[in-house]
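With mmCIF, C-alpha atoms and all ligand atoms inside, this is structure.cif:
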data_my_file
#
loop_
_atom_site.label_atom_id
_atom_site.label_comp_id
_atom_site.auth_asym_id
_atom_site.auth_seq_id
_atom_site.Cartn_x
_atom_site.Cartn_y
_atom_site.Cartn_z
CA SER F 1 -20.82 -6.98 0.27
CA ALA F 2 -23.07 -7.53 -2.78
CA LEU F 3 -20.25 -9.51 -4.41
CA VAL F 4 -19.84 -11.64 -1.29
CA GLU F 5 -23.55 -12.38 -1.05
CA SER F 6 -23.59 -13.76 -4.60
CA GLY F 7 -20.93 -16.36 -3.63
CA PRO F 8 -17.33 -16.29 -2.39
CA VAL F 9 -15.63 -17.22 -5.71
CA HIS F 10 -16.28 -15.57 -9.09
CA GLN F 11 -14.91 -15.90 -12.59
CA VAL F 12 -14.42 -12.45 -14.08
CA THR F 13 -12.59 -10.88 -17.00
CA LEU F 14 -10.45 -7.87 -16.23
CA PHE F 15 -10.49 -4.88 -18.57
CA THR F 16 -7.08 -6.05 -19.78
CA GLY F 17 -8.87 -9.15 -21.13
CA VAL F 18 -7.30 -11.53 -18.59
CA PRO F 19 -9.77 -14.08 -17.12
CA VAL F 20 -9.39 -14.20 -13.35
CA TRP F 21 -10.84 -16.21 -10.48
CA LEU F 22 -11.80 -13.59 -7.95
CA VAL F 23 -12.27 -14.67 -4.35
CA THR F 24 -14.49 -12.30 -2.41
CA GLY F 25 -15.27 -13.99 0.92
CA HIS F 26 -13.22 -13.35 4.08
CA ALA F 27 -12.54 -16.98 5.08
CA GLU F 28 -12.00 -17.87 1.42
CA THR F 29 -9.48 -15.03 1.00
CA ARG F 30 -7.46 -16.41 3.88
CA GLN F 31 -7.70 -19.89 2.38
CA LEU F 32 -6.54 -18.62 -1.01
CA LEU F 33 -3.64 -16.56 0.31
CA THR F 34 -2.23 -19.47 2.32
CA HIS F 35 -2.93 -22.26 -0.17
CA PRO F 36 0.22 -24.20 -1.15
CA ASN F 37 -0.91 -24.39 -4.80
CA VAL F 38 -1.25 -20.61 -5.11
CA VAL F 39 2.01 -19.03 -6.19
CA LYS F 40 3.16 -15.60 -7.28
CA SER F 41 4.34 -15.43 -10.89
CA LEU F 42 5.56 -12.80 -13.30
CA THR F 43 2.86 -13.47 -15.87
CA GLU F 44 0.76 -10.57 -14.62
CA VAL F 45 3.43 -7.86 -14.82
CA PRO F 46 1.79 -4.88 -16.59
CA HIS F 47 2.73 -4.54 -20.28
CA ARG F 48 4.93 -7.61 -19.90
CA GLU F 49 5.10 -8.40 -23.63
CA HIS F 50 6.47 -4.91 -24.36
CA THR F 51 8.93 -4.77 -21.47
CA PRO F 52 12.56 -5.77 -22.11
CA GLU F 53 13.46 -8.82 -20.01
CA ASP F 54 16.29 -7.06 -18.13
CA LEU F 55 13.80 -4.41 -16.98
CA VAL F 56 11.29 -7.08 -15.88
CA LYS F 57 14.04 -8.68 -13.79
CA ALA F 58 15.32 -5.40 -12.33
CA THR F 59 11.85 -4.55 -11.03
CA ASN F 60 10.24 -7.90 -10.22
CA THR F 61 12.91 -9.93 -8.47
CA HIS F 62 11.42 -8.90 -5.14
CA MET F 63 9.66 -10.71 -2.32
CA LEU F 64 6.13 -9.85 -3.41
CA ALA F 65 6.69 -11.68 -6.71
CA ALA F 66 8.73 -14.49 -5.11
CA ASN F 67 7.82 -17.85 -3.59
CA PRO F 68 9.67 -19.82 -0.91
CA PRO F 69 12.57 -20.35 -0.54
CA ASP F 70 13.49 -17.07 -2.32
CA HIS F 71 10.64 -15.23 -0.62
CA THR F 72 11.78 -16.41 2.81
CA ARG F 73 15.37 -15.32 2.15
CA LEU F 74 14.44 -11.89 0.77
CA ARG F 75 11.92 -11.12 3.51
CA LYS F 76 14.40 -12.18 6.19
CA LEU F 77 17.07 -9.92 4.75
CA VAL F 78 14.94 -6.80 4.69
CA SER F 79 13.36 -7.63 8.06
CA ALA F 80 16.84 -7.55 9.60
CA VAL F 81 17.18 -3.86 8.71
CA PHE F 82 13.50 -2.82 8.70
CA THR F 83 12.85 -3.74 12.31
CA ARG F 84 9.99 -2.89 14.63
CA ARG F 85 12.41 -0.84 16.70
CA ARG F 86 13.47 1.15 13.67
CA ILE F 87 9.83 1.95 12.91
CA ASP F 88 9.10 2.97 16.51
CA GLU F 89 12.13 5.24 16.42
CA LEU F 90 10.63 7.07 13.43
CA GLU F 91 7.72 8.39 15.50
CA PRO F 92 9.28 11.73 16.56
CA ARG F 93 10.49 12.40 13.03
CA ILE F 94 7.06 11.64 11.51
CA LYS F 95 5.45 13.98 14.05
CA GLN F 96 7.94 16.68 13.15
CA LEU F 97 7.28 16.28 9.41
CA SER F 98 3.54 16.27 9.97
CA ALA F 99 3.66 19.45 12.08
CA ALA F 100 5.87 21.21 9.52
CA LEU F 101 3.48 20.36 6.67
CA LEU F 102 0.49 21.57 8.65
CA ASP F 103 2.36 24.79 9.58
CA GLU F 104 2.87 25.42 5.88
CA VAL F 105 -0.80 24.86 5.06
CA ALA F 106 -1.96 26.98 7.99
CA ALA F 107 0.32 29.80 6.85
CA GLN F 108 -1.57 29.98 3.55
CA GLY F 109 -4.61 31.32 5.39
CA GLY F 110 -8.24 30.26 4.81
CA GLY F 111 -9.67 28.75 1.65
CA PRO F 112 -9.93 25.20 0.39
CA VAL F 113 -6.80 23.06 0.50
CA ASP F 114 -6.22 19.85 -1.45
CA LEU F 115 -5.38 17.52 1.43
CA LEU F 116 -3.79 15.03 -0.93
CA SER F 117 -1.11 17.29 -2.40
CA ALA F 118 -0.61 19.43 0.73
CA TYR F 119 -0.33 16.63 3.27
CA GLY F 120 -1.46 13.13 2.27
CA TYR F 121 1.24 12.75 -0.36
CA PRO F 122 4.26 14.56 1.08
CA LEU F 123 4.10 12.89 4.51
CA PRO F 124 4.45 9.21 3.49
CA ILE F 125 6.74 9.95 0.55
CA THR F 126 9.15 11.86 2.77
CA VAL F 127 9.03 9.14 5.42
CA ILE F 128 9.70 6.28 3.01
CA CYS F 129 12.36 8.22 1.09
CA GLU F 130 14.21 9.11 4.32
CA LEU F 131 13.92 5.53 5.52
CA VAL F 132 15.18 3.99 2.29
CA GLY F 133 17.79 6.71 1.68
CA VAL F 134 16.51 8.69 -1.33
CA PRO F 135 18.14 12.15 -1.44
CA SER F 136 15.59 14.92 -0.82
CA ILE F 137 16.34 16.53 -4.16
CA GLN F 138 14.95 13.50 -6.01
CA ARG F 139 11.79 12.94 -3.99
CA ASP F 140 9.34 14.72 -6.28
CA GLU F 141 10.72 12.79 -9.20
CA PHE F 142 10.33 9.50 -7.32
CA ARG F 143 6.80 10.42 -6.40
CA ASP F 144 5.73 11.13 -9.99
CA LEU F 145 7.44 8.05 -11.35
CA SER F 146 6.05 5.70 -8.75
CA GLN F 147 2.54 7.06 -9.27
CA THR F 148 2.82 6.28 -12.98
CA VAL F 149 4.17 2.81 -12.25
CA MET F 150 1.45 2.01 -9.70
CA THR F 151 -1.27 2.80 -12.22
CA GLY F 152 0.69 0.77 -14.83
CA PRO F 153 -2.12 -1.17 -16.52
CA THR F 154 -4.06 2.05 -17.17
CA GLN F 155 -1.02 3.85 -18.66
CA THR F 156 0.13 3.60 -22.28
CA VAL F 157 3.09 1.28 -22.87
CA GLU F 158 5.34 4.25 -23.68
CA VAL F 159 4.49 6.24 -20.56
CA TYR F 160 4.73 3.17 -18.33
CA LEU F 161 8.04 1.94 -19.75
CA ALA F 162 9.62 5.39 -19.62
CA ALA F 163 8.72 5.65 -15.91
CA VAL F 164 10.00 2.17 -15.04
CA THR F 165 13.25 2.76 -16.95
CA LYS F 166 13.86 6.08 -15.22
CA LEU F 167 13.04 4.68 -11.78
CA VAL F 168 15.49 1.81 -12.25
CA GLU F 169 18.17 4.25 -13.43
CA LEU F 170 17.67 6.39 -10.32
CA ILE F 171 17.77 3.36 -8.01
CA ARG F 172 20.95 2.00 -9.61
CA HIS F 173 22.57 5.39 -9.25
CA MET F 174 21.50 5.56 -5.59
CA ILE F 175 23.03 2.15 -4.95
CA GLU F 176 26.38 3.38 -6.31
CA VAL F 177 26.25 6.55 -4.22
CA LYS F 178 25.33 4.68 -1.02
CA ARG F 179 28.03 2.13 -1.56
CA ALA F 180 30.60 4.96 -1.68
CA THR F 181 29.08 6.96 1.19
CA PRO F 182 26.80 4.82 3.38
CA GLY F 183 24.23 6.44 5.66
CA ASP F 184 21.89 5.28 8.39
CA ASP F 185 19.23 4.08 5.94
CA LEU F 186 17.76 0.81 4.70
CA LEU F 187 19.61 0.86 1.40
CA SER F 188 22.97 1.26 3.14
CA GLY F 189 21.94 -1.52 5.54
CA LEU F 190 21.06 -3.85 2.67
CA ILE F 191 24.30 -3.04 0.84
CA ALA F 192 26.26 -3.84 4.02
CA VAL F 193 24.44 -7.18 4.42
CA ARG F 194 25.16 -7.94 0.82
CA ASP F 195 28.82 -6.99 0.94
CA ASP F 196 29.15 -9.25 3.98
CA GLY F 197 28.78 -12.15 1.61
CA ASP F 198 25.03 -12.57 1.26
CA LYS F 199 23.75 -13.78 -2.06
CA LEU F 200 21.52 -10.80 -2.85
CA THR F 201 21.87 -10.26 -6.61
CA ASP F 202 21.88 -6.88 -8.38
CA ASP F 203 18.32 -7.48 -9.59
CA GLU F 204 17.18 -8.48 -6.11
CA LEU F 205 18.61 -5.34 -4.53
CA THR F 206 17.23 -3.03 -7.23
CA SER F 207 13.81 -4.72 -7.07
CA MET F 208 13.73 -4.60 -3.26
CA ILE F 209 14.26 -0.83 -3.26
CA TYR F 210 11.77 -0.45 -6.13
CA LEU F 211 9.15 -2.40 -4.15
CA LEU F 212 9.75 -0.53 -0.89
CA LEU F 213 9.50 2.86 -2.55
CA ILE F 214 6.33 2.07 -4.43
CA ALA F 215 4.50 -0.08 -1.87
CA GLY F 216 5.61 2.26 0.87
CA HIS F 217 3.75 5.42 -0.01
CA GLU F 218 1.00 5.22 -2.60
CA THR F 219 -1.01 3.04 -0.23
CA THR F 220 -0.41 5.09 2.91
CA VAL F 221 -1.43 8.26 1.06
CA ASN F 222 -4.80 6.65 0.35
CA LEU F 223 -5.21 5.51 3.93
CA ILE F 224 -4.78 9.07 5.16
CA VAL F 225 -6.94 10.76 2.53
CA ASN F 226 -9.74 8.13 2.32
CA GLY F 227 -9.69 8.03 6.10
CA VAL F 228 -10.20 11.78 6.51
CA TYR F 229 -12.98 11.69 3.91
CA THR F 230 -14.75 8.78 5.63
CA LEU F 231 -14.51 10.47 9.03
CA LEU F 232 -15.89 13.72 7.64
CA LYS F 233 -18.78 11.81 6.10
CA HIS F 234 -19.60 10.25 9.49
CA PRO F 235 -19.91 13.26 11.83
CA GLU F 236 -21.01 11.21 14.86
CA GLN F 237 -17.90 9.00 14.53
CA LEU F 238 -15.71 12.05 14.05
CA ALA F 239 -17.20 13.61 17.19
CA ALA F 240 -16.52 10.40 19.15
CA LEU F 241 -12.90 10.43 18.03
CA ARG F 242 -12.51 14.09 18.92
CA LYS F 243 -13.96 13.38 22.34
CA ASP F 244 -11.70 10.39 22.99
CA PRO F 245 -8.49 10.67 20.94
CA SER F 246 -7.29 7.31 22.31
CA LEU F 247 -9.79 5.72 19.90
CA VAL F 248 -7.42 6.59 17.07
CA THR F 249 -5.87 3.09 17.07
CA SER F 250 -9.17 1.29 16.52
CA ALA F 251 -10.30 4.06 14.16
CA VAL F 252 -7.28 3.38 11.93
CA GLU F 253 -8.22 -0.33 11.80
CA GLU F 254 -11.81 0.49 10.92
CA LEU F 255 -10.77 2.96 8.22
CA LEU F 256 -8.45 0.30 6.80
CA ARG F 257 -11.40 -2.11 6.69
CA TYR F 258 -14.16 0.23 5.58
CA ASP F 259 -12.45 2.14 2.76
CA GLY F 260 -8.99 0.58 2.53
CA PRO F 261 -6.31 1.74 0.08
CA VAL F 262 -5.86 -1.59 -1.72
CA MET F 263 -8.80 -3.31 -3.44
CA VAL F 264 -7.26 -6.62 -4.52
CA SER F 265 -4.24 -8.79 -3.83
CA ILE F 266 -1.55 -8.98 -6.52
CA PRO F 267 -2.54 -11.67 -9.06
CA ALA F 268 -1.13 -15.14 -8.41
CA VAL F 269 -1.44 -18.40 -10.36
CA THR F 270 -2.46 -21.92 -9.38
CA ASN F 271 0.06 -24.72 -9.90
CA GLY F 272 -2.43 -27.44 -8.91
CA PRO F 273 -6.14 -27.64 -8.09
CA VAL F 274 -7.29 -25.19 -5.43
CA GLU F 275 -10.48 -25.93 -3.53
CA ILE F 276 -12.13 -22.87 -2.08
CA GLY F 277 -15.46 -23.61 -0.43
CA ASP F 278 -17.29 -25.84 -2.90
CA VAL F 279 -15.45 -24.48 -5.96
CA THR F 280 -12.34 -26.12 -7.42
CA ILE F 281 -10.12 -23.68 -9.28
CA PRO F 282 -8.14 -25.56 -11.94
CA PRO F 283 -4.32 -25.49 -12.26
CA GLY F 284 -2.93 -22.68 -14.43
CA ALA F 285 -5.60 -20.16 -13.42
CA VAL F 286 -4.96 -16.54 -12.43
CA VAL F 287 -6.38 -15.88 -8.97
CA MET F 288 -6.90 -12.77 -6.92
CA SER F 289 -8.62 -11.84 -3.71
CA ALA F 290 -10.99 -8.90 -3.63
CA LEU F 291 -9.69 -7.67 -0.28
CA ALA F 292 -12.20 -4.83 -0.15
CA SER F 293 -15.12 -7.29 -0.51
CA ALA F 294 -13.67 -9.69 2.05
CA ASN F 295 -13.58 -6.74 4.44
CA ARG F 296 -17.35 -6.34 4.06
CA ASP F 297 -18.17 -10.05 4.37
CA PRO F 298 -21.32 -10.28 6.54
CA ARG F 299 -20.31 -13.81 7.58
CA ARG F 300 -17.25 -12.28 9.28
CA PHE F 301 -18.22 -8.74 10.29
CA ALA F 302 -21.36 -7.65 12.11
CA ALA F 303 -23.02 -4.77 10.22
CA PRO F 304 -20.20 -4.78 7.63
CA ASP F 305 -21.37 -1.63 5.84
CA THR F 306 -21.42 0.40 9.05
CA MET F 307 -18.35 2.43 9.91
CA ASP F 308 -17.68 2.03 13.62
CA ILE F 309 -14.41 3.35 15.00
CA THR F 310 -14.90 1.35 18.20
CA ARG F 311 -15.19 -2.00 16.34
CA SER F 312 -12.96 -4.36 18.29
CA ASP F 313 -13.17 -7.68 16.43
CA ASN F 314 -11.61 -6.29 13.28
CA SER F 315 -9.52 -8.86 11.46
CA HIS F 316 -9.61 -7.08 8.08
CA VAL F 317 -7.40 -8.33 5.26
CA THR F 318 -6.36 -4.92 3.95
CA PHE F 319 -2.69 -5.81 4.51
CA GLY F 320 -3.15 -9.22 2.87
CA HIS F 321 -2.64 -12.53 4.63
CA GLY F 322 -0.07 -15.33 4.82
CA ILE F 323 3.58 -15.07 3.89
CA HIS F 324 3.14 -11.87 1.85
CA HIS F 325 1.31 -10.05 4.67
CA CYS F 326 2.35 -6.41 4.36
CA LEU F 327 5.82 -5.79 5.68
CA GLY F 328 5.11 -2.08 6.13
CA ALA F 329 1.85 -2.44 8.10
CA PRO F 330 3.32 -1.12 11.40
CA LEU F 331 4.73 1.92 9.60
CA ALA F 332 1.47 2.63 7.74
CA ARG F 333 -0.48 2.35 11.01
CA LEU F 334 1.93 4.70 12.79
CA GLU F 335 1.74 7.31 10.03
CA ALA F 336 -2.05 7.14 9.92
CA ARG F 337 -2.36 7.51 13.71
CA ILE F 338 -0.13 10.57 13.65
CA ALA F 339 -1.94 12.06 10.64
CA PHE F 340 -5.47 11.70 12.06
CA SER F 341 -4.40 12.87 15.54
CA ASP F 342 -2.59 15.91 14.17
CA LEU F 343 -5.30 16.93 11.71
CA LEU F 344 -8.11 16.63 14.24
CA GLY F 345 -6.08 18.05 17.12
CA ARG F 346 -5.02 21.09 15.19
CA PHE F 347 -8.14 21.91 13.18
CA PRO F 348 -11.28 21.75 15.33
CA ARG F 349 -13.50 22.73 12.38
CA LEU F 350 -11.88 20.57 9.70
CA ARG F 351 -14.52 19.95 7.02
CA LEU F 352 -15.10 19.16 3.36
CA ALA F 353 -14.93 22.20 1.09
CA ASP F 354 -17.88 20.84 -0.89
CA PRO F 355 -19.83 18.39 1.30
CA ASP F 356 -22.09 17.26 -1.57
CA ALA F 357 -19.37 16.50 -4.11
CA GLU F 358 -18.35 12.87 -4.62
CA PRO F 359 -14.53 12.96 -5.00
CA ALA F 360 -13.16 11.34 -8.17
CA ARG F 361 -11.42 8.03 -7.44
CA TYR F 362 -8.11 6.86 -8.89
CA PRO F 363 -8.22 4.78 -12.11
CA GLY F 364 -7.37 1.08 -12.00
CA LEU F 365 -8.38 -1.95 -10.00
CA LEU F 366 -5.54 -2.23 -7.49
CA LEU F 367 -5.76 1.00 -5.55
CA ASN F 368 -8.67 2.78 -3.95
CA GLY F 369 -7.79 6.43 -3.64
CA MET F 370 -8.84 9.91 -4.61
CA ALA F 371 -7.39 12.25 -7.19
CA ARG F 372 -7.78 15.15 -4.72
CA LEU F 373 -9.73 16.05 -1.61
CA ASP F 374 -10.56 19.70 -0.97
CA VAL F 375 -11.01 20.51 2.69
CA LEU F 376 -11.19 23.58 4.89
CA LEU F 377 -8.56 23.46 7.60
CA GLU F 378 -9.81 25.65 10.41
C1 LIG L 1 2.64 -6.36 0.82
C2 LIG L 1 -1.12 -3.42 1.61
C3 LIG L 1 1.87 0.04 3.29
C4 LIG L 1 5.64 -2.70 1.99
C5 LIG L 1 1.38 -5.87 0.91
C6 LIG L 1 0.17 -6.61 0.58
C7 LIG L 1 -0.88 -5.78 0.79
C8 LIG L 1 -0.36 -4.52 1.26
C9 LIG L 1 -2.35 -6.09 0.54
C10 LIG L 1 0.10 -8.07 0.10
C11 LIG L 1 -0.16 -8.15 -1.36
C12 LIG L 1 -0.39 -9.56 -1.84
O1 LIG L 1 -0.27 -10.55 -1.11
O2 LIG L 1 -0.69 -9.69 -3.03
C13 LIG L 1 -0.63 -2.23 2.14
C14 LIG L 1 -1.46 -1.16 2.63
C15 LIG L 1 -0.63 -0.19 3.10
C16 LIG L 1 0.74 -0.66 2.91
C17 LIG L 1 -2.98 -1.15 2.61
C18 LIG L 1 -0.94 1.15 3.73
C19 LIG L 1 -2.04 1.43 4.33
C20 LIG L 1 3.14 -0.40 3.11
C21 LIG L 1 4.34 0.30 3.52
C22 LIG L 1 5.41 -0.47 3.11
C23 LIG L 1 4.88 -1.66 2.49
C24 LIG L 1 4.36 1.63 4.26
C25 LIG L 1 6.89 -0.26 3.23
C26 LIG L 1 7.52 0.50 3.94
C27 LIG L 1 5.14 -3.92 1.57
C28 LIG L 1 5.98 -5.02 1.13
C29 LIG L 1 5.12 -6.07 0.80
C30 LIG L 1 3.76 -5.59 1.03
C31 LIG L 1 7.49 -5.01 1.07
C32 LIG L 1 5.50 -7.46 0.29
C33 LIG L 1 5.62 -8.44 1.43
C34 LIG L 1 5.96 -9.85 1.00
O3 LIG L 1 5.82 -10.18 -0.19
O4 LIG L 1 6.38 -10.63 1.86
N1 LIG L 1 1.01 -4.60 1.34
N2 LIG L 1 0.68 -1.90 2.32
N3 LIG L 1 3.51 -1.59 2.52
N4 LIG L 1 3.81 -4.29 1.50
FE1 LIG L 1 2.26 -3.13 2.01
#
File written out as structure tokens:
Amino acid sequence: SALVESGPVHQVTLFTGVPVWLVTGHAETRQLLTHPNVVKSLTEVPHREHTPEDLVKATNTHMLAANPPDHTRLRKLVSAVFTRRRIDELEPRIKQLSAALLDEVAAQGGGPVDLLSAYGYPLPITVICELVGVPSIQRDEFRDLSQTVMTGPTQTVEVYLAAVTKLVELIRHMIEVKRATPGDDLLSGLIAVRDDGDKLTDDELTSMIYLLLIAGHETTVNLIVNGVYTLLKHPEQLAALRKDPSLVTSAVEELLRYDGPVMVSIPAVTNGPVEIGDVTIPPGAVVMSALASANRDPRRFAAPDTMDITRSDNSHVTFGHGIHHCLGAPLARLEARIAFSDLLGRFPRLRLADPDAEPARYPGLLLNGMARLDVLLE
């Protein structure tokens, strides 16, 4: 909230040297993300100047980097196969996966457990891989590659490019396999739509899968792990949730707001003047919203720095706003509800292994997550 108090629009220089207009207020974030002169562009692709053009296209011809009418077409296509019903139907499977992971951890006996590697990571990665159609044998590989790609700007060019190249190779191979033997997964669904005469290009299909796999787990992992950490740091809130488990829905919203997994929106550019409050951002500028600051805007949230799992008026912007509002939000919410309910339900004395240690956070500006979180599951 300190950033918000010093004004809702700031000019900053990122560590990559790129000057950016950073919008920190809540109302201003909504204005920015729905402004007709704010458009997504490929200029901010990490290591762009070192990336071969065919690789840029194979990984960035997706809806998050697209503007209408392409955005509308791509989002509509995936929405036809990634439906609300399909997400609701995943619930029993997610519960089963969650229980199996916790059985495994419990079987290891006492002692500190890294919640991230034992549970926070495997749950969303398995869910998104099953949903998209990644064979189980390749899931660890996908996980490592997508982690490298997500932290792209902080990786060396060589490491980043090797990961992107390998990920694209794996996706292209998967597309061939699914075309020959379709399954009940999103990729098969998209291939069927495409083979029915839709205009989805090779790059669009590869990029769509690339986006779903990356956007679909790294963020949810952080929601689960940051969320558990925040709850454990607020014992009175944790006790309230234990007492009334039906509060889990509003608790998930508050954990998304208070310590959300994504700090900023993906950079966009202005193709005309953009007035935000009393500031006019010129055409050709790179703009971003500091979602995490908007979520602590005292003009929007009462006691913004207080974590309150019963907060009801909670219109956080953790999933973005406008046409690019997160497609996977219902899935992320479902996974988080199951994760918090299962962890608290099963381990009545769940606690931090070292209550005084401040866990190390992930590098980079985009994500807000921890490298590990040691807990005692009892
Ligand atoms: C878009 C956050 C989980 C798929 C976005 C955006 C944000 C976001 C902030 C908009 C970015 C922008 O406008 O620059 C999150 C958070 C998640 C999460 C915090 C977890 C807690 C997921 C999951 C999936 C997913 C589970 C997929 C299964 C997408 C897609 C878009 C998107 C496809 C692009 C939508 C478009 O451009 O129309 N997400 N996300 N996300 N997210 Fe998520």
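Taking all atoms listed in the file into account, ligand LIG 1 (chain L) lies nearest to F:Leu367 out of the set F:Val274, F:Ala285, F:Leu367, F:Leu350.
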Could you check which residues have any atom within 12 Å of (5.2, 17.8, 15.3), counting only C-alpha atoms with coordinates taken straight from the file, and then list them as a count of residues only? 21
I'd like the neighbourhood of segment 212-223 of chain F as a list in words, where a residue qualifies if any of its atoms comes within 6 Å (using all atoms listed in the file), though same-chain residues fewer than 6 positions away should be ignored. Gly120, Tyr121, Pro124, Ile125, Ser146, Pro261, Ala332 and Gly369 of chain F
Environment of ligand LIG 1 (chain L) within 7 Å, counting only C-alpha atoms and all ligand atoms, reported as a ChimeraX atom specification: /F:63-65,71,75,128,211-212,215-217,219-220,223,256,260-262,265-267,318-321,323-329,331-333
Top pick for closest residue to Ala294 of chain F, considering F:Arg85, F:Asp259, F:Thr310, F:Ile175 and counting only C-alpha atoms: F:Asp259
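Counting only C-alpha atoms and comparing F:Gln108, F:Thr83, F:Gln237, F:Ser207, the residue that lies closest to His62 of chain F is F:Ser207.
If you count all atoms listed in the file and draw a sphere of 6 Å around (-11.5, -12.5, -4.3), the protein and nucleic acid residues inside it come out as Leu22, Val23, Thr24, Met288, Ser289 and Ala290 of chain F.
Separating atom CA of Leu373 of chain F from atom CA of Pro359 of chain F is a distance of 6.6 Å.
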